[in-house]
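First up is the structure itself, then whatever we jot down about it.
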Amino acid sequence: MAAVRVLRTWSQNAGRLIYIRYFHTCNSVHVLKPKYVCFFGNPSFKYSHPHQLLKTTAALQGQIVQFKLSDIGEGIREVTVKEWYVKEGDTVSQFDSICEVQSDKASVTITSRYDGVIKKLYYNLDDIAYVGKPLVDIETEALKDSEEDVVETPAVSHDEHTHQEIKGQKTLATPAVRRLAMENNIKLSEVVGSGKDGRILKEDILNYLEKQTGAILPPSPKAEIMPPPPPPKDKTIPMPVSKPTVFTGKDRTEPIKGFHKAMVKTMSAALKIPHFGYCDEVDITELVKLREELKPIALARGVKLSFMPFFLKAASLGLLQFPILNASVDENCQNITYKASHNIGIAMDTEQGLIVPNVKNVQICSVFEIASELNRLQKLGSVGQLGTTDLTGGTFTLSNIGSIGGTYAKPVILPPEVAIGALGSIQALPRFNQKGEVYKAQIMNVSWSADHRIIDGATMSRFSNLWKSYLENPAVMLLDMK
C-alpha cells in the first residue's frame, strides 16, 4: 500500500523565501499549489508563467478528488457495478464501503480511501466500470498543516473478513452489517458479536436496536386470500365472449456479462481440446449406509454431510496413483505441469450462472474438513459472494449434475485442466449379488471427459475403476488415507 505524506519545505534564494506544501510518495513527487508564498528583499519580483516554476494541483479546502477504480488483480480490466452503498451528498470515512462490483470471477467490495463528501457517481447499476477510470468524486476535508499519513486501501474481496479498526481492536462484520449499523447510527464497538471470533451478525444489530429503542420489528404482513363470492342461484351466468389473442411481447437484446462472459471465454478455449468420454456405473449402497450413520454426527458439529466429500476424497486418492489427470498443459501442448495440490472444483448452478469454486489441497484434508469447506463455498455461492481465491487455481473438476436430474452427461473440460467428471443421480435399481440373489442397489452413473492429447482411454479407465472401488467399499478408503 502506497503511503502518501504531506511535507513542507522552505527555499531561500537571493533574499526570496517561498513556503511550499507538496506530496511525497514512494515513487514520485506531486507538488501542490503553494499555500503561502512570501517575498522578502525584492518586492518587485514578478514572473509571468508561474506554472513554469512549479507544476501545481489544487489542494485547498473542499478539494474534489477523483476516486479511481484500483486494480483488483487476476488481470481483470472491467467490472459490473452491482450495488451502490452511497449516494451523492453522503459523508464517508476511510474504509467505508463505496460499492460492490462483480468481475467475471468474483464479487468485490470497494472501500473509500478518503474522508469527505460524495459529489458524483460515475456509473449506474449494471454499468461496466473500468480499472483506472474514475468511480466517484469525493470532496475531501482540508489538509492539516501538521504532517499526516493517508493510507491507500485496496479493494476488499468477499472471501476476506471485513473489519474496522477501533482503538487497536478489530471488529469483524460484513459490508451489509456495517451498512445496517451506519443507517441506524450504531457504533459497532458497542455491539457484542455472536458469530465466530466475535463477528457481528445482522441479528446482533437488530437485537441491539431493539434493546435501545424497545421496538420490535413487525412481521411482514401476509395477504389474506378472500374466496370469490358465490354466484346468485337465480341469476344466469353469461357465457364469455371469446376474443382473438393478441400477443404484445417483444424481443430484447442485452450484453453478455458477469459469469456468463467468463463462460463464453472458457468454453471457447475448451473447443480446442480433443475430448474423449468414458462412462460407468457405481454401486454406492454401502456408502449410503455409512453416510446415514455419520450424518447426525457431522450435523452435531454444525456441518451438513453430503456425498460430495466422499466423491472428492476418493478422486484425490485416485489422483495420487494417476497424477497425469491432475496436470495441465501449455497453450501449444508442448509441456505438461504436474500439480502438487489437489484443488478439486465443484460445478455449481447459481442465479448468476455456472460457477466452479474449488476445495484446496484435498489430498491433506479429512472427509469432515472437505464437508465443512463445501458448506462454506455453497453458502457464499448461493448469494454471489465467492471470492477470486475460491474460483481460481483448480486442477481437477467434478460436476454433480445428478442433483438437478439426469443419469449421463458429456462434461466439458475447463482449461488448463485435462479431466472432468459428471455425477448422475442416485437411483434404487435391482442388481444381483455374488450369490445370484436380487437386491435393492443404490446406483450412480459417472461420465468422464479427458484431454486425448495426453490421456489415453486405459489410464482413464484404471483411474475410474480405482475411484469406483473406494466408493463401493468405503472401508478400503480408510486404508489409503493419509
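Ordering of the C-alpha cells sets the chain letters (A, B, ...), residue numbers begin anew at 1 in every chain, and ligands are numbered from 1 in the order given.
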
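Neighbouring residues of Ser97 in chain A at 10 Å or closer, counting only C-alpha atoms and skipping chain neighbours under 2 positions away, are Trp84, Tyr85, Val86, Val92, Ser93, Gln94, Phe95, Cys99, Glu100, Thr109, Ile110, Thr111, Ser112, Arg113, Ala155, Val156, Thr162, Pro175, Ala176, Arg178 and Arg179 of chain A.
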
Write the residues of the preceding selection, restricted to C-alpha atoms, as an mmCIF file, in the first residue's frame.
data_model
loop_
_atom_site.group_PDB
_atom_site.id
_atom_site.type_symbol
_atom_site.label_atom_id
_atom_site.label_comp_id
_atom_site.auth_asym_id
_atom_site.auth_seq_id
_atom_site.Cartn_x
_atom_site.Cartn_y
_atom_site.Cartn_z
ATOM 1 C CA TRP A 84 -24.025 1.336 -4.528
ATOM 2 C CA TYR A 85 -23.655 1.758 -0.762
ATOM 3 C CA VAL A 86 -23.524 5.568 -1.040
ATOM 4 C CA VAL A 92 -17.853 8.832 4.009
ATOM 5 C CA SER A 93 -14.758 7.974 6.006
ATOM 6 C CA GLN A 94 -11.743 5.849 5.206
ATOM 7 C CA PHE A 95 -12.562 2.125 4.897
ATOM 8 C CA CYS A 99 -19.953 -0.054 -3.854
ATOM 9 C CA GLU A 100 -19.945 -3.712 -4.806
ATOM 10 C CA THR A 109 -16.423 -4.565 -2.230
ATOM 11 C CA ILE A 110 -14.682 -1.237 -2.952
ATOM 12 C CA THR A 111 -13.854 0.855 0.122
ATOM 13 C CA SER A 112 -13.091 4.579 0.440
ATOM 14 C CA ARG A 113 -9.552 5.893 0.756
ATOM 15 C CA ALA A 155 -10.465 -3.446 -2.814
ATOM 16 C CA VAL A 156 -11.738 -5.951 -0.251
ATOM 17 C CA THR A 162 -14.132 -7.002 6.526
ATOM 18 C CA PRO A 175 -20.316 -4.818 4.497
ATOM 19 C CA ALA A 176 -24.078 -5.447 4.748
ATOM 20 C CA ARG A 178 -21.781 -2.352 8.645
ATOM 21 C CA ARG A 179 -24.227 -0.594 6.323
#

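The shell of residues at most 7 Å from Val79 in chain A, with only C-alpha atoms counted and near chain neighbours (fewer than 5 positions) removed, consists of A:Val101, A:Gln102, A:Ser103, A:Ile128, A:Ala129, A:Tyr130.
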
Practice item. Between A:Lys261, A:His342, A:Lys120, A:Lys304, single out the one closest to Ile364 in chain A, counting only C-alpha atoms. Key: A:His342

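Of note, CA of Phe368 in chain A and CA of Leu478 in chain A are spaced 13.3 Å apart.
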
Review point. Near Leu180 in chain A, within 12 Å and counting only C-alpha atoms, which residues show up once chain neighbours fewer than 3 positions away are dropped, as JSON, numbers by chain?
Key: {"A": [85, 97, 173, 174, 175, 176, 177, 183, 184, 185, 186, 187, 188, 200, 201, 202, 203, 204, 205, 206, 208, 209]}

For the residues in the current selection, export C-alpha atoms as an mmCIF file, in the first residue's frame.
data_model
loop_
_atom_site.group_PDB
_atom_site.id
_atom_site.type_symbol
_atom_site.label_atom_id
_atom_site.label_comp_id
_atom_site.auth_asym_id
_atom_site.auth_seq_id
_atom_site.Cartn_x
_atom_site.Cartn_y
_atom_site.Cartn_z
ATOM 1 C CA TYR A 85 -23.655 1.758 -0.762
ATOM 2 C CA SER A 97 -17.880 0.672 1.682
ATOM 3 C CA ALA A 173 -18.506 -7.532 10.237
ATOM 4 C CA THR A 174 -19.634 -7.908 6.655
ATOM 5 C CA PRO A 175 -20.316 -4.818 4.497
ATOM 6 C CA ALA A 176 -24.078 -5.447 4.748
ATOM 7 C CA VAL A 177 -23.930 -5.490 8.547
ATOM 8 C CA GLU A 183 -28.104 3.520 8.676
ATOM 9 C CA ASN A 184 -29.238 3.230 12.312
ATOM 10 C CA ASN A 185 -26.342 5.313 13.755
ATOM 11 C CA ILE A 186 -24.984 2.354 15.720
ATOM 12 C CA LYS A 187 -21.288 2.118 16.611
ATOM 13 C CA LEU A 188 -20.021 -1.400 16.015
ATOM 14 C CA ILE A 200 -21.038 -9.105 14.425
ATOM 15 C CA LEU A 201 -24.050 -10.580 12.647
ATOM 16 C CA LYS A 202 -27.212 -8.943 11.360
ATOM 17 C CA GLU A 203 -29.122 -10.421 14.315
ATOM 18 C CA ASP A 204 -26.724 -8.706 16.738
ATOM 19 C CA ILE A 205 -27.511 -5.303 15.187
ATOM 20 C CA LEU A 206 -31.265 -5.950 15.319
ATOM 21 C CA TYR A 208 -29.035 -4.075 19.910
ATOM 22 C CA LEU A 209 -31.521 -1.804 18.146
#

Check your understanding: So, counting only C-alpha atoms, which residue among A:Asn375, A:Thr140, A:Asn207, A:Ser425 is closest to Gln66 in chain A?
Key -> A:Thr140

Practice item. Have a look at A:Gln63, A:Ser306, A:Thr80, A:Thr392 and name the one nearest to Pro255 in chain A; count only C-alpha atoms. Key: A:Thr80

Practice item. Measuring atom to atom with only C-alpha atoms, identify which of A:Ala441, A:Leu319, A:Met308, A:Ile455 is nearest to Val418 in chain A. Key: A:Ile455

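You can rank A:Asp480, A:Asp456, A:Glu78, A:Glu83 by their closest distance to Tyr278 in chain A using only C-alpha atoms, and at the top of that list sits A:Asp456.
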
Exercise for review: Please report, as a PyMOL selection string, each residue of range 95-130 of chain A to which DSSP assigns strand (DSSP E) when run on this structure's backbone.
Suggested key: chain A and resi 97-102+107-111+116-121+128-130

Exercise for review: Give the helix (DSSP H, G or I) residues of range 302-400 of chain A, as DSSP finds them on the backbone, and put them as number ranges by chain.
Suggested key: A: 308-321, 323-326, 362-364, 367-382, 388-391

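The protein and nucleic acid residues lying at most 8 Å from Ser341 in chain A are Lys360, Asn361, Val362, Gln363 and Thr395 of chain A, with only C-alpha atoms considered and sequence neighbours fewer than 6 positions away removed.
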
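For Lys265 in chain A, the residues within 12 Å (counting only C-alpha atoms, excluding itself and residues fewer than 5 positions away along the chain) are Asp104, Lys105, Ile256, Lys257, Gly258, Phe259, His260, Ala270, Leu271, Leu414 and Pro415 of chain A.
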
Check your understanding: Excluding same-chain residues fewer than 2 positions from Lys440 in chain A, what lies within 9 Å of it counting only C-alpha atoms, as an MDAnalysis selection string?
Key -> chainID A and resid 285 428:432 438 442

Can you write out the residues you just picked, keeping all heavy atoms, as a short mmCIF file (atom, residue, chain, number, x, y, z; two decimals), in the first residue's frame?
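Output saved as part-v7.cif:
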data_model
loop_
_atom_site.label_atom_id
_atom_site.label_comp_id
_atom_site.auth_asym_id
_atom_site.auth_seq_id
_atom_site.Cartn_x
_atom_site.Cartn_y
_atom_site.Cartn_z
N THR A 285 -24.24 -48.52 -2.47
CA THR A 285 -25.14 -48.96 -1.40
C THR A 285 -24.47 -48.85 -0.03
O THR A 285 -25.06 -48.36 0.94
CB THR A 285 -25.59 -50.40 -1.66
OG1 THR A 285 -26.21 -50.48 -2.95
CG2 THR A 285 -26.60 -50.85 -0.61
N ALA A 428 -32.46 -46.17 -7.05
CA ALA A 428 -32.62 -47.52 -6.47
C ALA A 428 -33.01 -48.47 -7.58
O ALA A 428 -34.11 -48.37 -8.15
CB ALA A 428 -33.69 -47.47 -5.37
N LEU A 429 -32.11 -49.42 -7.91
CA LEU A 429 -32.32 -50.34 -9.02
C LEU A 429 -32.03 -51.78 -8.57
O LEU A 429 -31.22 -52.00 -7.66
CB LEU A 429 -31.40 -49.98 -10.20
CG LEU A 429 -31.61 -48.59 -10.83
CD1 LEU A 429 -30.52 -48.31 -11.85
CD2 LEU A 429 -32.98 -48.48 -11.46
N PRO A 430 -32.67 -52.76 -9.19
CA PRO A 430 -32.38 -54.17 -8.85
C PRO A 430 -31.05 -54.61 -9.44
O PRO A 430 -30.75 -54.34 -10.60
CB PRO A 430 -33.56 -54.92 -9.47
CG PRO A 430 -34.02 -54.05 -10.60
CD PRO A 430 -33.76 -52.64 -10.17
N ARG A 431 -30.25 -55.29 -8.62
CA ARG A 431 -28.97 -55.83 -9.06
C ARG A 431 -28.78 -57.21 -8.43
O ARG A 431 -29.45 -57.56 -7.46
CB ARG A 431 -27.82 -54.90 -8.66
CG ARG A 431 -27.76 -53.60 -9.44
CD ARG A 431 -27.47 -53.84 -10.92
NE ARG A 431 -27.33 -52.60 -11.67
CZ ARG A 431 -28.31 -51.97 -12.30
NH1 ARG A 431 -29.55 -52.45 -12.23
NH2 ARG A 431 -28.08 -50.88 -12.98
N PHE A 432 -27.86 -57.97 -8.97
CA PHE A 432 -27.55 -59.30 -8.45
C PHE A 432 -26.30 -59.24 -7.58
O PHE A 432 -25.31 -58.58 -7.93
CB PHE A 432 -27.33 -60.29 -9.60
CG PHE A 432 -28.56 -60.61 -10.38
CD1 PHE A 432 -28.85 -59.94 -11.57
CD2 PHE A 432 -29.45 -61.59 -9.95
CE1 PHE A 432 -29.98 -60.23 -12.30
CE2 PHE A 432 -30.58 -61.88 -10.67
CZ PHE A 432 -30.86 -61.21 -11.85
N VAL A 438 -31.21 -61.24 -6.09
CA VAL A 438 -31.56 -59.86 -6.43
C VAL A 438 -31.67 -59.03 -5.15
O VAL A 438 -32.26 -59.48 -4.16
CB VAL A 438 -32.89 -59.82 -7.21
CG1 VAL A 438 -33.27 -58.36 -7.52
CG2 VAL A 438 -32.79 -60.61 -8.50
N GLN A 442 -28.21 -49.06 -4.69
CA GLN A 442 -28.17 -47.62 -4.93
C GLN A 442 -27.12 -47.37 -6.01
O GLN A 442 -25.91 -47.49 -5.78
CB GLN A 442 -27.82 -46.86 -3.65
CG GLN A 442 -28.79 -47.09 -2.51
CD GLN A 442 -30.15 -46.49 -2.78
OE1 GLN A 442 -30.29 -45.51 -3.52
NE2 GLN A 442 -31.19 -47.09 -2.19
#

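One finds CA of Ser399 in chain A at 7.8 Å from CA of Pro411 in chain A.
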
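The environment of Arg453 in chain A within 10 Å, counting only C-alpha atoms and disregarding residues fewer than 6 places along the same chain, consists of Ile273, Pro274, His275, Phe276, Val329, Cys333 and Val418 of chain A.
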